[in-house]
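Next comes protein-v2.csv, with CSV, C-alpha atoms.
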chain,number,residue,atom,x,y,z
C,1,MET,CA,100.6,93.2,74.1
C,2,ILE,CA,103.4,94.1,76.5
C,3,ILE,CA,102.9,96.8,79.1
C,4,ASN,CA,106.2,98.1,80.3
C,5,HIS,CA,105.6,100.2,83.3
C,6,LYS,CA,108.2,102.8,84.1
C,7,SER,CA,107.5,103.1,87.8
C,8,PRO,CA,107.7,106.7,89.0
C,9,SER,CA,108.2,105.3,92.5
C,10,ALA,CA,111.2,103.2,91.5
C,11,PRO,CA,113.8,105.7,92.9
C,12,ALA,CA,111.9,105.9,96.2
C,13,ARG,CA,111.7,102.1,96.3
C,14,ILE,CA,115.4,101.9,95.8
C,15,ASN,CA,116.1,104.4,98.6
C,16,GLU,CA,113.8,102.4,100.9
C,17,GLU,CA,115.6,99.2,100.1
C,18,ARG,CA,119.0,100.8,100.7
C,19,ASP,CA,117.9,102.3,104.0
C,20,ALA,CA,116.5,99.0,105.1
C,21,GLU,CA,119.7,97.2,104.2
C,22,ILE,CA,121.8,99.7,106.2
C,23,LYS,CA,119.4,99.5,109.1
C,24,ALA,CA,119.7,95.7,109.1
C,25,GLY,CA,123.2,96.0,110.5
C,26,MET,CA,126.7,95.0,109.7
C,27,GLN,CA,128.6,91.8,110.6
C,28,TRP,CA,132.0,92.5,112.0
C,29,PRO,CA,134.6,91.0,111.8
C,30,ALA,CA,133.3,89.4,108.6
C,31,GLY,CA,132.1,85.8,109.3
C,32,SER,CA,132.0,86.3,113.1
C,33,GLY,CA,128.3,86.2,113.3
C,34,ILE,CA,128.3,89.4,115.4
C,35,VAL,CA,126.1,92.0,113.9
C,36,TYR,CA,126.3,95.7,114.9
C,37,GLN,CA,123.6,98.3,114.5
C,38,THR,CA,124.2,100.6,111.6
C,39,ASP,CA,121.2,102.9,111.8
C,40,PRO,CA,121.9,106.6,111.7
C,41,VAL,CA,121.9,107.0,115.5
C,42,SER,CA,124.4,104.1,115.9
C,43,ILE,CA,126.6,105.5,113.1
C,44,SER,CA,126.6,108.8,115.0
C,45,LEU,CA,127.7,107.0,118.2
C,46,VAL,CA,130.5,105.2,116.4
C,47,THR,CA,131.6,108.5,114.8
C,48,GLY,CA,131.6,110.1,118.3
C,49,ARG,CA,133.7,107.3,119.8
C,50,VAL,CA,136.2,107.6,116.9
C,51,GLY,CA,136.5,111.3,117.6
C,52,LYS,CA,137.2,110.5,121.2
C,53,ILE,CA,139.9,108.0,120.4
C,54,LEU,CA,141.6,110.4,118.0
C,55,ALA,CA,141.4,113.1,120.6
C,56,TYR,CA,143.2,110.9,123.1
C,57,GLN,CA,145.8,110.2,120.5
C,58,ALA,CA,146.2,113.9,119.7
C,59,ARG,CA,147.0,114.5,123.3
C,60,GLY,CA,149.6,111.6,123.3
C,61,GLU,CA,147.4,109.4,125.4
C,62,THR,CA,145.7,106.1,124.7
C,63,HIS,CA,141.9,105.6,125.0
C,64,PRO,CA,141.3,102.6,127.4
C,65,ASP,CA,139.8,99.5,126.0
C,66,PHE,CA,136.0,99.5,126.2
C,67,LEU,CA,132.8,97.4,125.6
C,68,TRP,CA,130.6,98.1,122.5
C,69,ARG,CA,127.2,96.6,122.3
C,70,ALA,CA,126.1,94.5,119.4
C,71,MET,CA,122.6,94.2,117.9
C,72,ASP,CA,121.8,91.1,120.1
C,73,ASP,CA,122.6,93.1,123.2
C,74,THR,CA,125.8,91.3,123.9
C,75,ASP,CA,128.9,93.4,124.8
C,76,HIS,CA,132.2,93.0,123.0
C,77,LEU,CA,135.6,94.3,124.1
C,78,PHE,CA,137.4,96.7,121.7
C,79,THR,CA,140.8,98.1,121.8
C,80,PRO,CA,141.0,101.7,120.3
C,81,ASN,CA,142.7,100.3,117.1
C,82,ASP,CA,140.1,97.6,116.7
C,83,PHE,CA,137.4,100.2,117.0
C,84,LEU,CA,139.0,102.4,114.3
C,85,SER,CA,139.1,99.3,112.0
C,86,PHE,CA,135.4,98.7,112.8
C,87,ALA,CA,134.6,102.3,112.1
C,88,ILE,CA,136.4,102.1,108.7
C,89,ALA,CA,134.5,98.9,107.8
C,90,LEU,CA,131.2,100.6,108.9
C,91,ASP,CA,131.9,103.6,106.6
C,92,ASP,CA,132.7,101.3,103.7
C,93,PHE,CA,129.6,99.3,104.4
C,94,VAL,CA,127.3,102.4,104.2
C,95,GLU,CA,129.2,103.8,101.2
C,96,ILE,CA,128.8,100.5,99.3
C,97,LYS,CA,125.0,100.5,99.9
C,98,TYR,CA,124.8,104.0,98.5
C,99,ILE,CA,126.8,103.2,95.5
C,100,GLU,CA,124.7,100.1,94.8
C,101,SER,CA,121.5,102.3,95.0
C,102,TRP,CA,123.0,104.8,92.6
C,103,GLN,CA,123.8,102.0,90.2
C,104,LYS,CA,120.2,100.7,90.4
C,105,LYS,CA,118.8,104.1,89.7
C,106,ALA,CA,121.1,104.6,86.7
C,107,ALA,CA,119.9,101.3,85.3
C,108,LEU,CA,116.2,102.3,85.4
H,1,MET,CA,37.9,97.2,102.2
H,2,GLY,CA,41.2,98.4,101.1
H,3,ILE,CA,44.4,99.9,102.4
H,4,ASP,CA,43.9,103.4,103.6
H,5,THR,CA,46.8,104.7,105.6
H,6,THR,CA,46.4,108.3,104.5
H,7,ASN,CA,47.2,110.9,107.1
H,8,GLN,CA,48.5,108.5,109.6
H,9,SER,CA,51.3,110.8,110.6
H,10,GLY,CA,51.4,113.0,113.7
H,11,ALA,CA,52.8,112.5,117.2
H,12,GLN,CA,54.1,109.0,117.3
H,13,THR,CA,56.7,109.4,120.1
H,14,GLY,CA,57.5,106.3,121.9
H,15,ILE,CA,55.6,104.0,119.6
H,16,ASP,CA,57.3,101.5,117.3
H,17,MET,CA,56.3,102.8,113.9
H,18,THR,CA,56.8,99.4,112.3
H,19,ASP,CA,54.2,97.9,114.5
H,20,GLN,CA,52.0,100.9,114.1
H,21,LEU,CA,52.1,100.6,110.3
H,22,LEU,CA,51.4,96.9,110.5
H,23,LYS,CA,48.4,97.6,112.8
H,24,LYS,CA,47.1,100.0,110.2
H,25,TYR,CA,47.2,97.3,107.6
H,26,GLU,CA,45.5,94.8,109.8
H,27,PRO,CA,41.9,95.6,108.8
H,28,PHE,CA,42.9,95.4,105.2
H,29,ASP,CA,41.4,92.8,103.0
H,30,ILE,CA,44.4,91.4,101.2
H,31,SER,CA,42.3,90.1,98.4
H,32,GLY,CA,41.3,93.7,97.7
H,33,LEU,CA,44.8,94.5,96.9
H,34,GLY,CA,44.8,92.5,93.8
H,35,LYS,CA,47.6,90.1,92.8
H,36,ASN,CA,49.9,92.8,91.5
H,37,ILE,CA,50.9,95.5,93.9
H,38,ALA,CA,53.0,98.5,92.8
H,39,ILE,CA,54.8,100.8,95.2
H,40,TRP,CA,55.3,104.3,93.9
H,41,ALA,CA,58.1,105.9,96.0
H,42,PRO,CA,61.7,106.9,95.9
H,43,ARG,CA,63.8,103.9,95.8
H,44,ASP,CA,65.1,104.0,99.4
H,45,ALA,CA,61.6,104.7,100.9
H,46,ALA,CA,60.1,102.1,98.6
H,47,SER,CA,62.5,99.5,99.9
H,48,VAL,CA,61.3,100.0,103.5
H,49,LEU,CA,57.7,100.2,102.5
H,50,ALA,CA,57.9,97.0,100.4
H,51,GLN,CA,59.6,95.2,103.3
H,52,ARG,CA,56.8,96.2,105.7
H,53,ILE,CA,54.0,95.2,103.3
H,54,ALA,CA,55.8,91.9,102.8
H,55,ALA,CA,56.1,91.5,106.5
H,56,PHE,CA,52.4,92.1,106.9
H,57,ILE,CA,51.5,89.6,104.2
H,58,LYS,CA,53.7,87.1,106.0
H,59,SER,CA,52.1,87.9,109.3
H,60,ILE,CA,48.6,87.0,107.9
H,61,SER,CA,49.9,84.2,105.7
H,62,PRO,CA,52.6,82.3,107.6
H,63,GLY,CA,53.3,80.0,104.7
H,64,ALA,CA,54.2,82.9,102.4
H,65,VAL,CA,57.8,82.8,101.2
H,66,ILE,CA,59.4,86.1,100.3
H,67,THR,CA,62.7,85.6,98.8
H,68,SER,CA,63.4,89.3,98.3
H,69,VAL,CA,61.7,92.6,98.0
H,70,ASP,CA,64.8,94.3,96.8
H,71,ARG,CA,64.5,95.5,93.2
H,72,LEU,CA,68.3,95.8,92.9
H,73,LEU,CA,68.9,92.2,93.8
H,74,PRO,CA,69.7,89.9,90.8
H,75,GLY,CA,66.8,88.2,89.1
H,76,THR,CA,64.2,90.5,90.6
H,77,GLY,CA,62.2,93.2,89.1
H,78,MET,CA,59.1,91.7,90.5
H,79,ASP,CA,59.0,89.5,93.6
H,80,TYR,CA,56.7,86.6,93.8
H,81,ILE,CA,55.1,86.0,97.2
H,82,GLU,CA,53.8,82.6,97.6
H,83,GLY,CA,50.1,82.8,97.8
H,84,GLY,CA,49.6,84.8,94.7
H,85,PHE,CA,51.1,88.2,95.3
H,86,ASN,CA,53.5,90.1,93.1
H,87,LEU,CA,55.1,93.0,94.8
H,88,PHE,CA,56.7,95.6,92.6
H,89,TRP,CA,58.0,99.0,93.3
H,90,VAL,CA,58.4,101.9,91.0
H,91,SER,CA,60.4,105.0,91.5
H,92,PRO,CA,59.6,108.4,89.9
H,93,GLU,CA,62.9,108.1,88.0
H,94,ASP,CA,61.7,104.9,86.4
H,95,ASP,CA,58.1,105.5,85.5
H,96,GLN,CA,58.4,103.4,82.4
H,97,TRP,CA,57.9,100.4,84.7
H,98,PHE,CA,54.3,101.4,84.9
H,99,THR,CA,53.9,100.5,81.3
H,100,GLU,CA,54.9,96.9,81.8
H,101,THR,CA,51.9,95.0,80.6
H,102,ALA,CA,52.9,91.5,81.7
H,103,TYR,CA,52.0,92.3,85.2
H,104,PRO,CA,49.3,94.9,85.2
H,105,TYR,CA,49.1,96.6,88.6
H,106,GLU,CA,45.8,96.3,90.4
H,107,CYS,CA,46.8,98.5,93.3
H,108,ILE,CA,49.4,101.3,93.6
H,109,ILE,CA,50.6,102.2,97.0
H,110,TYR,CA,52.3,105.6,97.0
H,111,LEU,CA,53.9,107.9,99.5
H,112,ASP,CA,51.7,110.7,100.4
H,113,GLY,CA,52.7,114.0,98.8
H,114,LEU,CA,54.6,112.4,95.9
H,115,PRO,CA,53.2,113.4,92.5
H,116,LEU,CA,51.9,110.4,90.6
H,117,PRO,CA,52.7,110.0,86.9
H,118,GLY,CA,50.3,111.2,84.3
H,119,PRO,CA,47.0,109.3,84.0
H,120,GLY,CA,47.9,107.9,80.6
H,121,SER,CA,50.6,105.8,82.0
H,122,LEU,CA,48.5,104.2,84.8
H,123,PRO,CA,46.6,101.0,84.3
H,124,ASP,CA,42.9,101.1,84.1
H,125,GLY,CA,40.9,100.0,87.1
H,126,CYS,CA,43.8,100.5,89.4
H,127,SER,CA,43.2,101.4,93.0
H,128,PHE,CA,45.4,103.9,95.0
H,129,LYS,CA,46.4,103.8,98.6
H,130,SER,CA,48.7,106.3,100.1
H,131,VAL,CA,51.0,106.1,103.1
H,132,SER,CA,52.6,109.0,104.9
H,133,PRO,CA,56.4,109.3,104.5
H,134,GLN,CA,56.8,109.5,108.3
H,135,GLU,CA,55.3,106.1,108.6
H,136,VAL,CA,57.6,104.6,106.1
H,137,GLU,CA,60.8,106.2,107.0
H,138,LYS,CA,60.1,106.5,110.8
H,139,HIS,CA,61.2,110.1,110.8
H,140,THR,CA,60.3,113.4,109.1
H,141,ARG,CA,61.9,114.8,106.0
H,142,SER,CA,63.7,117.4,108.1
H,143,GLN,CA,65.0,114.8,110.5
H,144,GLU,CA,66.2,112.8,107.5
H,145,ALA,CA,67.9,115.9,106.0
H,146,LEU,CA,69.5,116.7,109.4
H,147,SER,CA,70.9,113.2,109.8
H,148,ARG,CA,72.3,113.3,106.3
H,149,THR,CA,74.5,116.3,107.4
H,150,ASP,CA,75.9,114.5,110.4
H,151,TRP,CA,78.7,112.9,108.5
H,152,TYR,CA,79.8,116.2,107.1
H,153,VAL,CA,79.9,117.8,110.6
H,154,ILE,CA,81.9,114.9,112.0
H,155,ARG,CA,84.3,115.0,109.0
H,156,GLU,CA,84.9,118.7,109.5
H,157,LEU,CA,85.5,118.4,113.2
H,158,GLU,CA,87.8,115.5,112.6
H,159,ARG,CA,89.7,117.5,110.0
H,160,MET,CA,90.0,120.6,112.3
H,161,PHE,CA,90.9,118.9,115.5
H,162,LEU,CA,92.2,115.4,114.8
H,163,SER,CA,94.1,115.7,111.6
H,164,GLY,CA,97.1,113.4,111.6
H,165,SER,CA,96.1,111.7,114.8
H,166,GLU,CA,96.1,107.9,115.2
H,167,ALA,CA,92.3,107.9,115.3
H,168,SER,CA,92.1,110.0,112.2
H,169,VAL,CA,94.5,107.8,110.3
H,170,GLU,CA,92.5,104.7,111.3
H,171,ARG,CA,89.2,106.3,110.3
H,172,ASP,CA,90.7,107.2,106.9
H,173,ALA,CA,91.7,103.6,106.4
H,174,LEU,CA,88.2,102.5,107.4
H,175,ARG,CA,86.7,105.0,104.9
H,176,HIS,CA,88.9,103.5,102.3
H,177,SER,CA,87.7,100.0,103.1
H,178,ALA,CA,84.1,101.1,103.2
H,179,SER,CA,84.4,102.6,99.8
H,180,ASP,CA,85.7,99.3,98.5
H,181,GLU,CA,82.9,97.4,100.2
H,182,LEU,CA,80.3,99.7,98.8
H,183,ALA,CA,81.6,99.6,95.3
H,184,PRO,CA,78.7,99.2,93.0
H,185,LYS,CA,78.0,95.5,92.1
H,186,TYR,CA,75.1,96.1,89.8
H,187,TYR,CA,74.5,98.0,86.6
H,188,LEU,CA,71.5,98.9,84.5
H,189,GLY,CA,71.7,96.7,81.3
H,190,PRO,CA,69.4,96.4,78.4
H,191,SER,CA,67.3,93.9,80.2
H,192,GLY,CA,67.3,95.6,83.6
H,193,VAL,CA,69.5,95.5,86.6
H,194,GLU,CA,72.3,93.0,86.2
H,195,ILE,CA,75.3,91.9,88.2
H,196,ARG,CA,78.7,93.3,87.2
H,197,LYS,CA,80.9,90.3,86.3
H,198,ASP,CA,83.9,89.3,88.2
H,199,TYR,CA,87.3,88.4,86.7
H,200,GLU,CA,90.9,87.8,87.5
H,201,LEU,CA,94.1,89.7,86.4
H,202,GLU,CA,95.1,86.7,84.3
H,203,GLU,CA,91.9,86.9,82.3
H,204,LEU,CA,91.0,90.5,81.9
H,205,PRO,CA,87.8,91.5,80.1
H,206,LEU,CA,88.6,93.3,76.9
H,207,PRO,CA,88.9,96.1,76.2
H,208,CYS,CA,89.8,97.5,79.6
H,209,THR,CA,91.9,100.2,81.2
H,210,LEU,CA,94.7,99.4,83.6
H,211,THR,CA,95.9,102.1,86.0
H,212,ILE,CA,99.3,101.6,87.7
H,213,GLU,CA,100.7,104.3,89.9
H,214,GLY,CA,98.4,106.8,88.1
H,215,ILE,CA,99.5,105.8,84.6
H,216,GLU,CA,96.7,104.5,82.4
H,217,TYR,CA,97.1,101.7,79.8
H,218,GLU,CA,94.4,100.8,77.3
H,219,CYS,CA,94.3,97.1,76.7
H,220,THR,CA,92.7,95.5,73.7
H,221,GLU,CA,94.4,92.1,74.3
H,222,GLN,CA,95.6,90.2,77.4
H,223,PRO,CA,98.7,92.2,78.5
H,224,VAL,CA,102.0,90.9,79.6
H,225,LEU,CA,103.1,93.1,82.5
H,226,GLU,CA,106.7,94.2,82.9
H,227,PHE,CA,108.1,96.8,85.3
H,228,ASN,CA,111.4,98.6,85.3
H,229,TYR,CA,111.9,97.7,89.0
H,230,PRO,CA,110.8,94.8,91.1
H,231,GLY,CA,108.3,95.3,93.8
H,232,THR,CA,104.6,95.1,94.7
H,233,TYR,CA,102.3,97.2,92.5
H,234,GLU,CA,98.6,97.9,92.7
H,235,ILE,CA,96.8,97.5,89.4
H,236,HIS,CA,93.4,99.0,89.0
H,237,VAL,CA,91.1,97.7,86.3
H,238,ASN,CA,88.2,99.4,84.7
H,239,ALA,CA,86.4,97.3,82.0
H,240,GLY,CA,83.2,99.2,81.7
H,241,ALA,CA,79.8,99.0,83.4
H,242,GLN,CA,79.4,95.2,82.9
H,243,TYR,CA,82.4,94.4,85.0
H,244,LEU,CA,83.5,95.1,88.5
H,245,GLU,CA,86.1,97.7,89.0
H,246,LYS,CA,88.9,95.8,90.7
H,247,THR,CA,92.3,96.5,92.2
H,248,PHE,CA,94.9,93.7,92.1
H,249,THR,CA,98.1,93.5,94.0
H,250,TYR,CA,100.9,92.3,91.7
H,251,ASP,CA,104.2,91.2,93.0
H,252,TYR,CA,106.8,91.6,90.2
H,253,GLN,CA,110.0,89.7,90.9
H,254,PRO,CA,111.7,88.9,87.5
In structure tokens, how does this file's structure come out?
Amino acid sequence: MIINHKSPSAPARINEERDAEIKAGMQWPAGSGIVYQTDPVSISLVTGRVGKILAYQARGETHPDFLWRAMDDTDHLFTPNDFLSFAIALDDFVEIKYIESWQKKAAL
Amino acid sequence: MGIDTTNQSGAQTGIDMTDQLLKKYEPFDISGLGKNIAIWAPRDAASVLAQRIAAFIKSISPGAVITSVDRLLPGTGMDYIEGGFNLFWVSPEDDQWFTETAYPYECIIYLDGLPLPGPGSLPDGCSFKSVSPQEVEKHTRSQEALSRTDWYVIRELERMFLSGSEASVERDALRHSASDELAPKYYLGPSGVEIRKDYELEELPLPCTLTIEGIEYECTEQPVLEFNYPGTYEIHVNAGAQYLEKTFTYDYQP
């Protein structure tokens, strides 16, 4: 006989996996081997820095280049434009993880 | 001479009661006990009493080999003590054991104050020796009742003042482990106390009930397990009294 268990915890398991994948960090630029933290606090810090860069631009000024720390505690130099590209990639990265989790739940 | 430990209770502060009890036995003529000795007592008290009688017999007969005095151990029901003694115990809940004729009791040792079964169920010519509960259990009934509530008081205090703390979480985990460790390994079968059989998930005893995440599945044949999502699942198995209740950890990675 076949027991086909419909796990009531499957959605929670999918959420846990998604959160773990997001927390594992994002490599940027792709293939560089440099991994940046993408946990909620780190995302909040990136969002804040993006706002600061845009605020500079709104005032007709340019944010100076700055160092941003990777997961391995090494610092990397970013121009404002580089950082905006990084922020866009980060948002895509998180969004893809969410979309994948939704697809897994739909397939249950 | 015979065993007579009646009314040996009283103030015993500071005295090792085990030694005290053995001293009371010292004058006894073992041959007067007969070959078959029955102990009439609640099971927990009888266990202690049986161990002490066995210890006494060993003390006067160094060559005696006592493999067990635990009724609940496999293969027992009566325990042979080298030198010609059979040590039984009988609890009030199991008075049918008194009717066993293969080993007629020649002496019954009973806890003082415990009513004996009716005369019709006792073997003829049997002698009786009583022992005070205090001597067997080393404390009074009230002390025993008091100590039995200790766990409840501790649990309530823990719940009131330590709920959610690291210590409380750790103790909950230990309680869980203890519960597993104390899971019954024996059952009362048609021929007496028997060991519950072990098995593996790949060869389940049938019929059985599997419980996965609170959902029960009745199995009448070996099941093939499938899950709608990969992961590690706990599978609890209940296959009736003859088999251990077990929980397996199953890693499903299709």
Report as a Markdown table the residues of chain C within 10 Å of chain H, each with its shortest atom pair and distance in Å (one decimal), using only C-alpha atoms, ordered by chain and increasing residue number.
| residue | atom | partner | partner_atom | distance |
| --- | --- | --- | --- | --- |
| C:Met1 | CA | H:Pro223 | CA | 4.9 |
| C:Ile2 | CA | H:Val224 | CA | 4.7 |
| C:Ile3 | CA | H:Leu225 | CA | 5.0 |
| C:Asn4 | CA | H:Glu226 | CA | 4.7 |
| C:His5 | CA | H:Phe227 | CA | 4.7 |
| C:Lys6 | CA | H:Asn228 | CA | 5.4 |
| C:Ser7 | CA | H:Asn228 | CA | 6.5 |
| C:Pro8 | CA | H:Glu213 | CA | 7.5 |
| C:Ser9 | CA | H:Glu213 | CA | 8.0 |
| C:Ala10 | CA | H:Tyr229 | CA | 6.1 |
| C:Pro11 | CA | H:Tyr229 | CA | 9.1 |
| C:Arg13 | CA | H:Gly231 | CA | 8.0 |
| C:Ile14 | CA | H:Tyr229 | CA | 8.7 |
| C:Lys104 | CA | H:Tyr229 | CA | 8.9 |
| C:Lys105 | CA | H:Tyr229 | CA | 9.4 |
| C:Ala107 | CA | H:Asn228 | CA | 8.9 |
| C:Leu108 | CA | H:Asn228 | CA | 6.1 |
Between CA of Gln242 (chain H) and CA of Glu202 (chain H), distance in Å (one decimal):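 Here the two named atoms are 17.9 Å from each other.
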Just checking: using only C-alpha atoms, which residue out of C:Ala20, C:Ala30, C:Ile99, C:Leu84 ends up closest to Thr47 (chain C)? C:Leu84
Just the number, please: distance in Å from CA of Asp198 (chain H) to CA of Tyr243 (chain H), one decimal.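 If I compute the distance from CA of Asp198 (chain H) to CA of Tyr243 (chain H), I get 6.2 Å.
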Expressed in Å to a single decimal, how great is the separation between CA of Thr79 (chain C) and CA of Glu21 (chain C)?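 Atom-to-atom, CA of Thr79 (chain C) and CA of Glu21 (chain C) are spaced 27.5 Å apart.
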Radius query 12 Å about (136.9, 98.4, 124.4), atoms used: all atoms listed in the file, as a count of residues only: 22
Test item: residues at most 10 Å from Lys23 (chain C), all atoms listed in the file, excluding those fewer than 2 positions along its chain, as a VMD selection string: chain C and resid 17 to 21 25 to 26 36 to 40 42 94
Could you put an axis-aligned box around every listed atom of region 14-28 of chain C, padded by 8 Å on each side, and send me its centre and edge lengths in Å to one decimal, as JSON?
{"center_x": 122.9, "center_y": 98.1, "center_z": 103.9, "size_x": 34.2, "size_y": 28.6, "size_z": 32.2}
